[in-house]
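These notes concern the structure reproduced below.
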Amino acid sequence: MIKITNNAFDPWQELSTFQLEMRRDGEYGACANFIGTMRDMNEGDAVNGMFLEHYPGMTEKHLEKIVQRAKGQWDLLETLVVHRVGELLPNDPIVLVAVWSAHRKDAFEASRFIMEDLKSKAPFWKKENLSSTNQRAEKNRWVKKNTSGY
Amino acid sequence: MIKITNNAFDPWQELSTFQLEMRRDGEYGACANFIGTMRDMNEGDAVNGMFLEHYPGMTEKHLEKIVQRAKGQWDLLETLVVHRVGELLPNDPIVLVAVWSAHRKDAFEASRFIMEDLKSKAPFWKKENLSSTNQRAEKNRWVKKNTSGY
Amino acid sequence: MYEETMPIKVLYFASLKELFGRSEQQLSIDGLSTVEDVWRRVSEGYDVSQQVLYSINQEYAQADSLVKSGDEVAFFPPVTGG
Amino acid sequence: MYEETMPIKVLYFASLKELFGRSEQQLSIDGLSTVEDVWRRVSEGYDVSQQVLYSINQEYAQADSLVKSGDEVAFFPPVTGG
């Protein structure tokens, strides 16, 4: 399942609900998941908040494509991707990627693959609202580029 | 934190509670975690239940050592390892490994490292109780060896 | 010589949306245009120092991909989600 | 020639506990004994076809590790947790 949401979400609640509803009891031996959360510091600056923009339509399609590629490459039972958009505050969860499989190798590798593809290709953009204590001209700045996770 | 427990545990509840209590709001950008769950099939046989034995003392010490090695190798904020022992039923969570860090590379790599070391070296032993529908002499069998996760 | 006018929709995101002061625009292009031709036209007179990515109909496109009538073309900076 | 009797505690886990019918045993060993010497003594007469791992004082030990007075020695099959 792929969800883009304007509302704050609780990753543990999402995982708990999805896992119950997917009805795979006894089938999955492994669940690997990743949660990306907004920090209150970035590149040495205190951050007050963040705006997350996306490309409605293309974002969902692209995430769907990543998940399908992962399913072709590994033996997966279920996948869940949740991504927040809109106005965020520090400590808000931004992204959740979860993968269920019979064996752990598939879950570990697929969850990381999906997350790295999402970070490098899914059309989302972050604009940070810097704290007023920063002695800088720009109070708002677009994040320039995601760093590689490998 | 390292917990060995005789009681069934809810991984999402453990994660939720631990994350609140660790008081790292705004610091962590990444949480990677893994949950191993008991399946109702293994090596082609239906499994009714499982007994998980451990070596009290050595198990905790060994897990502590794994976590310390991971902390030496990656930049980690917090780690949580929960492992079930005693009598288990299919779909019961067996193990939870969770890692919090500022950046995702550390969380991804450390969580897998801890999990693989746990599977290959931490002193736990599984005995399966096979379903009566199996036409076999032995109704209970010790699992012989964990497979590699790489 | 045969010529036709092809309507396309152009979208801008993030810093490009701010730079151009709009998120969407209808354009007519003539003949064989690549997505880079469209980009040169819309960005003429602007100082765009950053890397720009292209998509056609919500799929990533190379600079020399051809744009056809009715396409949805988008321009945006490197992505920073997750 | 100096000789002393050294008390040690020996633990068995999983299938080895079942094979020997006990989880714990007090032993006295003489002189310089390796953990493998202890294993040969306790497993004498038993058919142990599987791989056996050794620990001394709750740390993995090599076959030729020396056991000293008061040590806790354990024997167990390959681990299968997680």
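Residue numbers start at 1 in each chain; chains themselves are named A, B, ... in the order of the structure tokens; ligands are numbered from 1 in the order shown.
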Moved chain A, fitted on chain B by every C-alpha in sequence order, as a CSV table (one decimal) with N, CA and C atoms, in the first residue's frame:
```csv
chain,number,residue,atom,x,y,z
A,1,MET,N,18.9,-0.8,25.0
A,1,MET,CA,18.3,-1.7,26.0
A,1,MET,C,18.1,-3.1,25.4
A,2,ILE,N,18.4,-4.1,26.3
A,2,ILE,CA,18.3,-5.5,25.9
A,2,ILE,C,17.3,-6.1,26.9
A,3,LYS,N,16.3,-6.8,26.3
A,3,LYS,CA,15.3,-7.5,27.1
A,3,LYS,C,15.1,-8.9,26.6
A,4,ILE,N,15.2,-9.8,27.5
A,4,ILE,CA,14.8,-11.2,27.2
A,4,ILE,C,13.5,-11.4,28.0
A,5,THR,N,12.5,-11.9,27.3
A,5,THR,CA,11.2,-12.0,28.0
A,5,THR,C,10.5,-13.3,27.7
A,6,ASN,N,9.8,-13.8,28.7
A,6,ASN,CA,9.0,-15.1,28.7
A,6,ASN,C,7.6,-14.8,28.1
A,7,ASN,N,7.3,-13.5,28.1
A,7,ASN,CA,5.9,-13.1,27.7
A,7,ASN,C,5.8,-12.7,26.3
A,8,ALA,N,4.7,-12.9,25.7
A,8,ALA,CA,4.4,-12.4,24.3
A,8,ALA,C,4.6,-10.9,24.3
A,9,PHE,N,5.2,-10.3,23.3
A,9,PHE,CA,5.3,-8.9,23.2
A,9,PHE,C,4.8,-8.3,21.9
A,10,ASP,N,4.3,-7.1,21.9
A,10,ASP,CA,3.9,-6.4,20.8
A,10,ASP,C,5.0,-5.5,20.3
A,11,PRO,N,5.6,-5.7,19.1
A,11,PRO,CA,6.8,-5.0,18.7
A,11,PRO,C,6.5,-3.5,18.6
A,12,TRP,N,5.3,-3.2,18.1
A,12,TRP,CA,4.9,-1.8,17.8
A,12,TRP,C,4.8,-1.0,19.1
A,13,GLN,N,4.2,-1.7,20.1
A,13,GLN,CA,4.1,-1.1,21.4
A,13,GLN,C,5.4,-0.9,22.1
A,14,GLU,N,6.3,-1.9,21.9
A,14,GLU,CA,7.7,-1.8,22.5
A,14,GLU,C,8.4,-0.6,21.8
A,15,LEU,N,8.3,-0.5,20.5
A,15,LEU,CA,9.0,0.6,19.8
A,15,LEU,C,8.4,2.0,20.2
A,16,SER,N,7.1,2.0,20.3
A,16,SER,CA,6.4,3.3,20.6
A,16,SER,C,6.8,3.8,22.0
A,17,THR,N,6.8,2.8,23.0
A,17,THR,CA,7.2,3.2,24.4
A,17,THR,C,8.6,3.6,24.5
A,18,PHE,N,9.5,2.7,23.9
A,18,PHE,CA,10.9,3.0,24.0
A,18,PHE,C,11.3,4.3,23.4
A,19,GLN,N,10.7,4.6,22.2
A,19,GLN,CA,11.0,5.9,21.5
A,19,GLN,C,10.6,7.1,22.3
A,20,LEU,N,9.5,7.0,23.0
A,20,LEU,CA,9.1,8.1,23.9
A,20,LEU,C,10.0,8.3,25.0
A,21,GLU,N,10.4,7.1,25.6
A,21,GLU,CA,11.1,7.2,26.9
A,21,GLU,C,12.6,7.5,26.7
A,22,MET,N,13.1,7.3,25.4
A,22,MET,CA,14.5,7.5,25.2
A,22,MET,C,14.9,9.0,25.2
A,23,ARG,N,13.9,9.9,25.0
A,23,ARG,CA,14.0,11.3,25.0
A,23,ARG,C,15.1,11.8,24.1
A,24,ARG,N,14.9,11.5,22.8
A,24,ARG,CA,15.8,12.0,21.8
A,24,ARG,C,15.1,12.8,20.7
A,25,ASP,N,14.0,13.4,21.1
A,25,ASP,CA,13.2,14.1,20.1
A,25,ASP,C,14.0,15.2,19.4
A,26,GLY,N,13.9,15.1,18.1
A,26,GLY,CA,14.6,16.1,17.3
A,26,GLY,C,16.0,15.7,16.9
A,27,GLU,N,16.5,14.7,17.6
A,27,GLU,CA,17.9,14.2,17.3
A,27,GLU,C,17.9,13.1,16.2
A,28,TYR,N,17.0,12.2,16.3
A,28,TYR,CA,17.1,11.1,15.3
A,28,TYR,C,16.3,11.4,14.0
A,29,GLY,N,17.0,11.1,12.9
A,29,GLY,CA,16.4,11.2,11.6
A,29,GLY,C,16.0,9.9,11.0
A,30,ALA,N,16.5,8.8,11.7
A,30,ALA,CA,16.4,7.5,11.1
A,30,ALA,C,16.1,6.5,12.2
A,31,CYS,N,15.2,5.6,11.9
A,31,CYS,CA,15.0,4.4,12.8
A,31,CYS,C,14.8,3.2,11.8
A,32,ALA,N,15.7,2.2,11.9
A,32,ALA,CA,15.6,1.0,11.1
A,32,ALA,C,15.3,-0.1,12.1
A,33,ASN,N,14.3,-0.9,11.9
A,33,ASN,CA,14.1,-2.0,12.8
A,33,ASN,C,13.7,-3.3,12.1
A,34,PHE,N,13.8,-4.4,12.8
A,34,PHE,CA,13.5,-5.7,12.2
A,34,PHE,C,12.8,-6.5,13.2
A,35,ILE,N,11.7,-7.1,12.8
A,35,ILE,CA,10.9,-8.0,13.7
A,35,ILE,C,10.9,-9.4,13.1
A,36,GLY,N,11.4,-10.4,13.8
A,36,GLY,CA,11.3,-11.8,13.4
A,36,GLY,C,10.1,-12.4,14.1
A,37,THR,N,9.2,-13.1,13.3
A,37,THR,CA,8.0,-13.6,13.8
A,37,THR,C,7.9,-15.1,13.5
A,38,MET,N,7.3,-15.9,14.4
A,38,MET,CA,7.1,-17.3,14.2
A,38,MET,C,6.2,-17.6,13.1
A,39,ARG,N,6.6,-18.4,12.1
A,39,ARG,CA,5.7,-18.8,11.0
A,39,ARG,C,5.0,-20.1,11.4
A,40,ASP,N,4.0,-20.5,10.6
A,40,ASP,CA,3.3,-21.7,10.9
A,40,ASP,C,3.8,-22.9,10.0
A,41,MET,N,4.9,-22.6,9.3
A,41,MET,CA,5.5,-23.6,8.4
A,41,MET,C,7.0,-23.5,8.5
A,42,ASN,N,7.7,-24.6,8.5
A,42,ASN,CA,9.1,-24.6,8.4
A,42,ASN,C,9.6,-25.8,7.8
A,43,GLU,N,10.5,-25.7,6.8
A,43,GLU,CA,11.1,-26.8,6.1
A,43,GLU,C,10.0,-27.7,5.6
A,44,GLY,N,8.9,-27.1,5.1
A,44,GLY,CA,7.8,-27.9,4.5
A,44,GLY,C,6.8,-28.6,5.5
A,45,ASP,N,7.1,-28.4,6.8
A,45,ASP,CA,6.2,-29.0,7.8
A,45,ASP,C,5.3,-27.9,8.5
A,46,ALA,N,4.1,-28.3,8.8
A,46,ALA,CA,3.3,-27.4,9.6
A,46,ALA,C,3.8,-27.4,11.1
A,47,VAL,N,3.9,-26.2,11.6
A,47,VAL,CA,4.4,-26.1,13.0
A,47,VAL,C,3.3,-25.6,13.9
A,48,ASN,N,3.1,-26.3,15.0
A,48,ASN,CA,2.0,-25.9,16.0
A,48,ASN,C,2.5,-24.9,17.1
A,49,GLY,N,3.8,-25.1,17.4
A,49,GLY,CA,4.3,-24.2,18.5
A,49,GLY,C,5.8,-24.4,18.5
A,50,MET,N,6.4,-23.7,19.5
A,50,MET,CA,7.9,-23.7,19.5
A,50,MET,C,8.3,-23.4,21.0
A,51,PHE,N,9.4,-24.1,21.3
A,51,PHE,CA,10.0,-23.7,22.6
A,51,PHE,C,11.4,-23.1,22.4
A,52,LEU,N,11.6,-21.9,23.0
A,52,LEU,CA,12.8,-21.2,22.8
A,52,LEU,C,13.6,-21.2,24.1
A,53,GLU,N,14.8,-21.8,24.0
A,53,GLU,CA,15.7,-21.9,25.2
A,53,GLU,C,16.8,-20.9,25.0
A,54,HIS,N,17.3,-20.5,26.2
A,54,HIS,CA,18.5,-19.6,26.1
A,54,HIS,C,19.5,-19.9,27.2
A,55,TYR,N,20.6,-19.2,27.3
A,55,TYR,CA,21.6,-19.4,28.3
A,55,TYR,C,21.6,-18.1,29.1
A,56,PRO,N,20.8,-18.2,30.2
A,56,PRO,CA,20.7,-16.9,31.0
A,56,PRO,C,22.0,-16.5,31.5
A,57,GLY,N,22.3,-15.2,31.3
A,57,GLY,CA,23.7,-14.7,31.6
A,57,GLY,C,24.5,-14.5,30.4
A,58,MET,N,24.8,-15.6,29.7
A,58,MET,CA,25.6,-15.5,28.5
A,58,MET,C,24.9,-14.8,27.4
A,59,THR,N,23.6,-15.1,27.3
A,59,THR,CA,22.8,-14.5,26.2
A,59,THR,C,22.8,-13.0,26.3
A,60,GLU,N,22.5,-12.5,27.5
A,60,GLU,CA,22.4,-11.0,27.7
A,60,GLU,C,23.8,-10.4,27.4
A,61,LYS,N,24.8,-11.1,28.0
A,61,LYS,CA,26.2,-10.6,27.8
A,61,LYS,C,26.6,-10.5,26.3
A,62,HIS,N,26.2,-11.6,25.6
A,62,HIS,CA,26.6,-11.6,24.2
A,62,HIS,C,25.8,-10.5,23.4
A,63,LEU,N,24.6,-10.3,23.7
A,63,LEU,CA,23.8,-9.3,23.0
A,63,LEU,C,24.4,-7.9,23.3
A,64,GLU,N,24.8,-7.7,24.6
A,64,GLU,CA,25.4,-6.4,25.0
A,64,GLU,C,26.6,-6.2,24.2
A,65,LYS,N,27.4,-7.3,24.0
A,65,LYS,CA,28.7,-7.1,23.2
A,65,LYS,C,28.4,-6.8,21.8
A,66,ILE,N,27.4,-7.4,21.2
A,66,ILE,CA,27.0,-7.1,19.8
A,66,ILE,C,26.7,-5.6,19.6
A,67,VAL,N,25.8,-5.2,20.6
A,67,VAL,CA,25.4,-3.8,20.5
A,67,VAL,C,26.5,-2.8,20.7
A,68,GLN,N,27.5,-3.1,21.6
A,68,GLN,CA,28.6,-2.3,21.7
A,68,GLN,C,29.5,-2.2,20.5
A,69,ARG,N,29.6,-3.4,19.9
A,69,ARG,CA,30.4,-3.4,18.6
A,69,ARG,C,29.7,-2.6,17.5
A,70,ALA,N,28.4,-2.7,17.5
A,70,ALA,CA,27.7,-1.9,16.5
A,70,ALA,C,27.9,-0.4,16.8
A,71,LYS,N,27.9,0.0,18.0
A,71,LYS,CA,28.0,1.4,18.4
A,71,LYS,C,29.4,1.9,18.1
A,72,GLY,N,30.4,1.0,18.1
A,72,GLY,CA,31.8,1.4,17.7
A,72,GLY,C,31.9,1.6,16.2
A,73,GLN,N,31.1,0.8,15.5
A,73,GLN,CA,31.3,0.8,14.0
A,73,GLN,C,30.4,1.9,13.3
A,74,TRP,N,29.2,2.2,13.9
A,74,TRP,CA,28.4,3.2,13.3
A,74,TRP,C,28.0,4.3,14.4
A,75,ASP,N,27.4,5.4,13.8
A,75,ASP,CA,27.1,6.5,14.7
A,75,ASP,C,25.6,6.3,15.1
A,76,LEU,N,25.4,5.7,16.3
A,76,LEU,CA,24.1,5.4,16.7
A,76,LEU,C,23.7,6.2,18.0
A,77,LEU,N,22.4,6.5,18.0
A,77,LEU,CA,21.8,7.2,19.2
A,77,LEU,C,21.3,6.2,20.2
A,78,GLU,N,20.5,5.3,19.8
A,78,GLU,CA,19.9,4.3,20.7
A,78,GLU,C,19.7,3.0,20.0
A,79,THR,N,19.7,1.9,20.8
A,79,THR,CA,19.4,0.6,20.3
A,79,THR,C,18.4,-0.1,21.2
A,80,LEU,N,17.6,-1.0,20.6
A,80,LEU,CA,16.6,-1.8,21.4
A,80,LEU,C,16.6,-3.2,20.9
A,81,VAL,N,16.9,-4.2,21.7
A,81,VAL,CA,16.8,-5.6,21.3
A,81,VAL,C,15.9,-6.3,22.3
A,82,VAL,N,14.8,-6.9,21.8
A,82,VAL,CA,13.9,-7.7,22.6
A,82,VAL,C,13.9,-9.1,22.0
A,83,HIS,N,14.0,-10.1,22.9
A,83,HIS,CA,14.0,-11.5,22.4
A,83,HIS,C,13.1,-12.3,23.3
A,84,ARG,N,12.2,-13.0,22.7
A,84,ARG,CA,11.3,-13.9,23.4
A,84,ARG,C,11.9,-15.2,23.7
A,85,VAL,N,11.6,-15.8,24.9
A,85,VAL,CA,12.0,-17.2,25.2
A,85,VAL,C,10.8,-17.9,25.7
A,86,GLY,N,10.9,-19.2,25.9
A,86,GLY,CA,9.8,-20.0,26.4
A,86,GLY,C,8.9,-20.6,25.3
A,87,GLU,N,7.6,-20.8,25.7
A,87,GLU,CA,6.7,-21.4,24.7
A,87,GLU,C,6.1,-20.3,23.8
A,88,LEU,N,6.2,-20.6,22.5
A,88,LEU,CA,5.6,-19.6,21.5
A,88,LEU,C,4.6,-20.3,20.6
A,89,LEU,N,3.7,-19.5,20.1
A,89,LEU,CA,2.7,-19.9,19.1
A,89,LEU,C,3.0,-19.2,17.8
A,90,PRO,N,2.5,-19.9,16.7
A,90,PRO,CA,2.7,-19.2,15.4
A,90,PRO,C,2.1,-17.8,15.4
A,91,ASN,N,2.8,-16.9,14.7
A,91,ASN,CA,2.5,-15.5,14.6
A,91,ASN,C,3.0,-14.7,15.9
A,92,ASP,N,3.6,-15.4,16.8
A,92,ASP,CA,4.2,-14.6,17.9
A,92,ASP,C,5.5,-14.0,17.5
A,93,PRO,N,5.7,-12.7,17.8
A,93,PRO,CA,7.0,-12.1,17.5
A,93,PRO,C,8.1,-12.8,18.4
A,94,ILE,N,9.2,-13.0,17.7
A,94,ILE,CA,10.4,-13.7,18.4
A,94,ILE,C,11.4,-12.7,18.8
A,95,VAL,N,11.8,-11.8,17.9
A,95,VAL,CA,12.8,-10.9,18.1
A,95,VAL,C,12.5,-9.5,17.5
A,96,LEU,N,13.0,-8.5,18.2
A,96,LEU,CA,12.9,-7.1,17.7
A,96,LEU,C,14.3,-6.5,17.8
A,97,VAL,N,14.8,-5.9,16.7
A,97,VAL,CA,16.1,-5.2,16.8
A,97,VAL,C,15.8,-3.8,16.2
A,98,ALA,N,16.0,-2.7,16.9
A,98,ALA,CA,15.8,-1.4,16.4
A,98,ALA,C,16.9,-0.5,16.7
A,99,VAL,N,17.2,0.4,15.8
A,99,VAL,CA,18.4,1.3,15.9
A,99,VAL,C,17.9,2.7,15.5
A,100,TRP,N,18.3,3.7,16.3
A,100,TRP,CA,18.0,5.1,16.0
A,100,TRP,C,19.3,5.8,15.8
A,101,SER,N,19.3,6.6,14.7
A,101,SER,CA,20.6,7.4,14.4
A,101,SER,C,20.2,8.7,13.7
A,102,ALA,N,21.1,9.6,13.5
A,102,ALA,CA,20.8,10.8,12.8
A,102,ALA,C,20.6,10.6,11.4
A,103,HIS,N,21.4,9.7,10.8
A,103,HIS,CA,21.3,9.4,9.3
A,103,HIS,C,21.0,8.0,9.0
A,104,ARG,N,20.4,7.7,7.9
A,104,ARG,CA,19.8,6.4,7.6
A,104,ARG,C,20.9,5.3,7.4
A,105,LYS,N,22.0,5.6,6.8
A,105,LYS,CA,23.0,4.6,6.5
A,105,LYS,C,23.4,3.8,7.8
A,106,ASP,N,23.6,4.6,8.9
A,106,ASP,CA,24.0,4.0,10.1
A,106,ASP,C,22.9,3.0,10.6
A,107,ALA,N,21.6,3.5,10.6
A,107,ALA,CA,20.5,2.7,11.1
A,107,ALA,C,20.4,1.4,10.3
A,108,PHE,N,20.4,1.6,9.0
A,108,PHE,CA,20.2,0.4,8.1
A,108,PHE,C,21.3,-0.7,8.4
A,109,GLU,N,22.5,-0.2,8.4
A,109,GLU,CA,23.6,-1.2,8.5
A,109,GLU,C,23.7,-1.8,9.8
A,110,ALA,N,23.6,-1.0,10.9
A,110,ALA,CA,23.7,-1.5,12.2
A,110,ALA,C,22.6,-2.5,12.6
A,111,SER,N,21.3,-2.2,12.1
A,111,SER,CA,20.2,-3.1,12.5
A,111,SER,C,20.5,-4.4,11.9
A,112,ARG,N,21.0,-4.5,10.6
A,112,ARG,CA,21.2,-5.7,10.0
A,112,ARG,C,22.4,-6.5,10.6
A,113,PHE,N,23.4,-5.7,10.9
A,113,PHE,CA,24.6,-6.3,11.6
A,113,PHE,C,24.2,-7.0,12.9
A,114,ILE,N,23.4,-6.3,13.7
A,114,ILE,CA,23.0,-6.8,15.0
A,114,ILE,C,22.2,-8.0,14.8
A,115,MET,N,21.3,-8.0,13.9
A,115,MET,CA,20.4,-9.1,13.7
A,115,MET,C,21.2,-10.3,13.2
A,116,GLU,N,22.1,-10.1,12.3
A,116,GLU,CA,22.9,-11.3,11.8
A,116,GLU,C,23.8,-11.9,12.8
A,117,ASP,N,24.3,-11.0,13.6
A,117,ASP,CA,25.2,-11.6,14.7
A,117,ASP,C,24.3,-12.3,15.7
A,118,LEU,N,23.2,-11.8,16.0
A,118,LEU,CA,22.2,-12.4,17.0
A,118,LEU,C,21.9,-13.8,16.4
A,119,LYS,N,21.5,-13.9,15.1
A,119,LYS,CA,21.1,-15.2,14.6
A,119,LYS,C,22.2,-16.2,14.5
A,120,SER,N,23.5,-15.7,14.3
A,120,SER,CA,24.6,-16.7,14.2
A,120,SER,C,25.3,-17.0,15.4
A,121,LYS,N,25.2,-16.1,16.5
A,121,LYS,CA,26.0,-16.3,17.7
A,121,LYS,C,25.3,-16.2,19.0
A,122,ALA,N,24.2,-15.5,19.1
A,122,ALA,CA,23.6,-15.4,20.4
A,122,ALA,C,23.0,-16.7,20.9
A,123,PRO,N,23.3,-17.2,22.1
A,123,PRO,CA,22.9,-18.5,22.5
A,123,PRO,C,21.4,-18.6,22.8
A,124,PHE,N,20.7,-18.9,21.7
A,124,PHE,CA,19.2,-19.3,21.8
A,124,PHE,C,19.1,-20.6,21.0
A,125,TRP,N,18.1,-21.4,21.4
A,125,TRP,CA,17.8,-22.6,20.6
A,125,TRP,C,16.3,-22.8,20.5
A,126,LYS,N,15.9,-23.2,19.3
A,126,LYS,CA,14.5,-23.4,19.0
A,126,LYS,C,14.2,-24.9,18.9
A,127,LYS,N,13.1,-25.3,19.5
A,127,LYS,CA,12.6,-26.6,19.3
A,127,LYS,C,11.1,-26.5,18.8
A,128,GLU,N,10.9,-27.1,17.6
A,128,GLU,CA,9.6,-27.0,17.0
A,128,GLU,C,8.7,-28.1,17.4
A,129,ASN,N,7.4,-27.8,17.6
A,129,ASN,CA,6.4,-28.8,17.9
A,129,ASN,C,5.6,-28.9,16.6
A,130,LEU,N,5.8,-30.1,15.9
A,130,LEU,CA,5.2,-30.2,14.6
A,130,LEU,C,3.7,-30.6,14.7
A,131,SER,N,3.0,-30.3,13.7
A,131,SER,CA,1.6,-30.6,13.7
A,131,SER,C,1.4,-32.1,13.6
A,132,SER,N,0.3,-32.6,14.2
A,132,SER,CA,0.0,-34.0,14.3
A,132,SER,C,-0.3,-34.6,12.9
A,133,THR,N,-0.6,-33.7,12.0
A,133,THR,CA,-0.9,-34.1,10.6
A,133,THR,C,0.4,-34.6,9.9
A,134,ASN,N,1.6,-34.3,10.5
A,134,ASN,CA,2.8,-34.8,9.8
A,134,ASN,C,3.0,-36.2,10.1
A,135,GLN,N,3.3,-37.0,9.0
A,135,GLN,CA,3.5,-38.4,9.2
A,135,GLN,C,5.0,-38.7,9.5
A,136,ARG,N,5.4,-38.3,10.6
A,136,ARG,CA,6.8,-38.5,11.0
A,136,ARG,C,6.9,-39.1,12.4
A,137,ALA,N,8.1,-39.7,12.6
A,137,ALA,CA,8.3,-40.3,13.9
A,137,ALA,C,8.4,-39.2,14.9
A,138,GLU,N,9.2,-38.1,14.7
A,138,GLU,CA,9.5,-37.1,15.7
A,138,GLU,C,8.4,-36.0,15.6
A,139,LYS,N,7.8,-35.7,16.7
A,139,LYS,CA,6.8,-34.7,16.8
A,139,LYS,C,7.5,-33.4,17.2
A,140,ASN,N,8.6,-33.5,17.9
A,140,ASN,CA,9.4,-32.3,18.3
A,140,ASN,C,10.8,-32.4,17.8
A,141,ARG,N,11.2,-31.3,17.2
A,141,ARG,CA,12.6,-31.4,16.7
A,141,ARG,C,13.3,-30.0,16.9
A,142,TRP,N,14.5,-30.2,17.3
A,142,TRP,CA,15.4,-29.0,17.4
A,142,TRP,C,15.7,-28.5,16.1
A,143,VAL,N,15.6,-27.2,15.9
A,143,VAL,CA,16.1,-26.6,14.6
A,143,VAL,C,17.6,-26.7,14.6
A,144,LYS,N,18.1,-27.2,13.4
A,144,LYS,CA,19.5,-27.6,13.4
A,144,LYS,C,20.5,-26.4,13.3
A,145,LYS,N,20.1,-25.4,12.4
A,145,LYS,CA,21.0,-24.4,12.2
A,145,LYS,C,20.3,-23.2,11.6
A,146,ASN,N,20.6,-22.0,11.9
A,146,ASN,CA,20.1,-20.8,11.2
A,146,ASN,C,20.7,-20.7,9.8
A,147,THR,N,19.9,-20.3,8.9
A,147,THR,CA,20.5,-20.0,7.6
A,147,THR,C,21.1,-18.6,7.6
A,148,SER,N,22.1,-18.3,6.7
A,148,SER,CA,22.7,-17.0,6.6
A,148,SER,C,21.8,-16.0,6.0
A,149,GLY,N,21.8,-14.8,6.5
A,149,GLY,CA,21.0,-13.8,6.0
A,149,GLY,C,21.6,-12.9,4.9
A,150,TYR,N,22.8,-13.3,4.4
A,150,TYR,CA,23.4,-12.6,3.4
A,150,TYR,C,23.4,-13.4,2.0
```
Once DSSP has gone over the backbone, tell me which residues of region 2-65 of chain D are in strand (DSSP E or B), as an MDAnalysis selection string.
chainID D and resid 5:12 24:30 33:34 53:56 59:61
What would the file look like if the residues just selected were written as a short mmCIF file (atom, residue, chain, number, x, y, z; two decimals), in the first residue's frame with N, CA, C and O atoms?
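Result file is again17.cif:
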```cif
data_model
loop_
_atom_site.label_atom_id
_atom_site.label_comp_id
_atom_site.auth_asym_id
_atom_site.auth_seq_id
_atom_site.Cartn_x
_atom_site.Cartn_y
_atom_site.Cartn_z
N THR D 5 43.12 -30.58 42.69
CA THR D 5 41.80 -30.88 42.15
C THR D 5 41.06 -29.58 41.93
O THR D 5 40.97 -28.75 42.85
N MET D 6 40.56 -29.39 40.71
CA MET D 6 39.90 -28.14 40.39
C MET D 6 38.41 -28.36 40.14
O MET D 6 38.04 -29.05 39.19
N PRO D 7 37.56 -27.74 40.97
CA PRO D 7 36.11 -27.87 40.76
C PRO D 7 35.66 -26.95 39.62
O PRO D 7 36.09 -25.79 39.54
N ILE D 8 34.85 -27.44 38.73
CA ILE D 8 34.24 -26.60 37.69
C ILE D 8 32.76 -26.94 37.58
O ILE D 8 32.31 -28.00 38.02
N LYS D 9 32.03 -26.00 37.00
CA LYS D 9 30.61 -26.22 36.75
C LYS D 9 30.42 -26.43 35.26
O LYS D 9 30.97 -25.65 34.46
N VAL D 10 29.67 -27.45 34.87
CA VAL D 10 29.44 -27.71 33.44
C VAL D 10 27.95 -27.59 33.15
O VAL D 10 27.12 -28.16 33.87
N LEU D 11 27.62 -26.84 32.10
CA LEU D 11 26.21 -26.66 31.71
C LEU D 11 25.96 -27.25 30.32
O LEU D 11 26.85 -27.21 29.46
N TYR D 12 24.76 -27.76 30.12
CA TYR D 12 24.36 -28.29 28.82
C TYR D 12 23.07 -27.61 28.37
O TYR D 12 22.19 -27.36 29.20
N GLU D 24 23.07 -29.47 34.21
CA GLU D 24 24.19 -28.94 34.97
C GLU D 24 24.90 -30.07 35.71
O GLU D 24 24.27 -31.07 36.07
N GLN D 25 26.19 -29.88 35.93
CA GLN D 25 26.95 -30.92 36.61
C GLN D 25 28.21 -30.29 37.21
O GLN D 25 28.80 -29.39 36.63
N GLN D 26 28.59 -30.76 38.40
CA GLN D 26 29.84 -30.31 39.03
C GLN D 26 30.91 -31.34 38.71
O GLN D 26 30.66 -32.54 38.82
N LEU D 27 32.05 -30.90 38.28
CA LEU D 27 33.14 -31.82 37.95
C LEU D 27 34.42 -31.37 38.64
O LEU D 27 34.59 -30.20 38.93
N SER D 28 35.30 -32.33 38.86
CA SER D 28 36.64 -31.98 39.31
C SER D 28 37.60 -32.40 38.21
O SER D 28 37.55 -33.53 37.74
N ILE D 29 38.42 -31.47 37.80
CA ILE D 29 39.41 -31.82 36.79
C ILE D 29 40.79 -31.68 37.39
O ILE D 29 41.01 -30.91 38.33
N ASP D 30 41.72 -32.43 36.85
CA ASP D 30 43.08 -32.42 37.38
C ASP D 30 44.01 -31.72 36.39
O ASP D 30 43.89 -31.90 35.20
N SER D 33 43.71 -28.84 31.86
CA SER D 33 42.68 -29.40 30.98
C SER D 33 42.20 -28.33 30.01
O SER D 33 41.99 -27.18 30.41
N THR D 34 42.01 -28.74 28.76
CA THR D 34 41.39 -27.82 27.80
C THR D 34 39.88 -28.10 27.84
O THR D 34 39.43 -29.10 28.38
N LEU D 53 29.38 -26.51 20.40
CA LEU D 53 30.09 -25.26 20.68
C LEU D 53 30.47 -25.22 22.16
O LEU D 53 29.77 -25.80 23.00
N TYR D 54 31.57 -24.54 22.45
CA TYR D 54 32.08 -24.46 23.82
C TYR D 54 32.02 -23.02 24.32
O TYR D 54 32.29 -22.09 23.57
N SER D 55 31.75 -22.86 25.62
CA SER D 55 31.97 -21.55 26.24
C SER D 55 32.60 -21.74 27.60
O SER D 55 32.41 -22.77 28.25
N ILE D 56 33.41 -20.76 28.00
CA ILE D 56 34.00 -20.73 29.35
C ILE D 56 33.61 -19.38 29.96
O ILE D 56 33.84 -18.34 29.35
N GLU D 59 31.66 -16.94 27.69
CA GLU D 59 32.27 -16.42 26.47
C GLU D 59 32.61 -17.61 25.59
O GLU D 59 33.11 -18.63 26.09
N TYR D 60 32.41 -17.48 24.28
CA TYR D 60 32.79 -18.57 23.39
C TYR D 60 34.26 -18.93 23.59
O TYR D 60 35.09 -18.04 23.80
N ALA D 61 34.55 -20.22 23.53
CA ALA D 61 35.93 -20.67 23.72
C ALA D 61 36.33 -21.59 22.58
O ALA D 61 35.51 -22.31 22.01
#
```
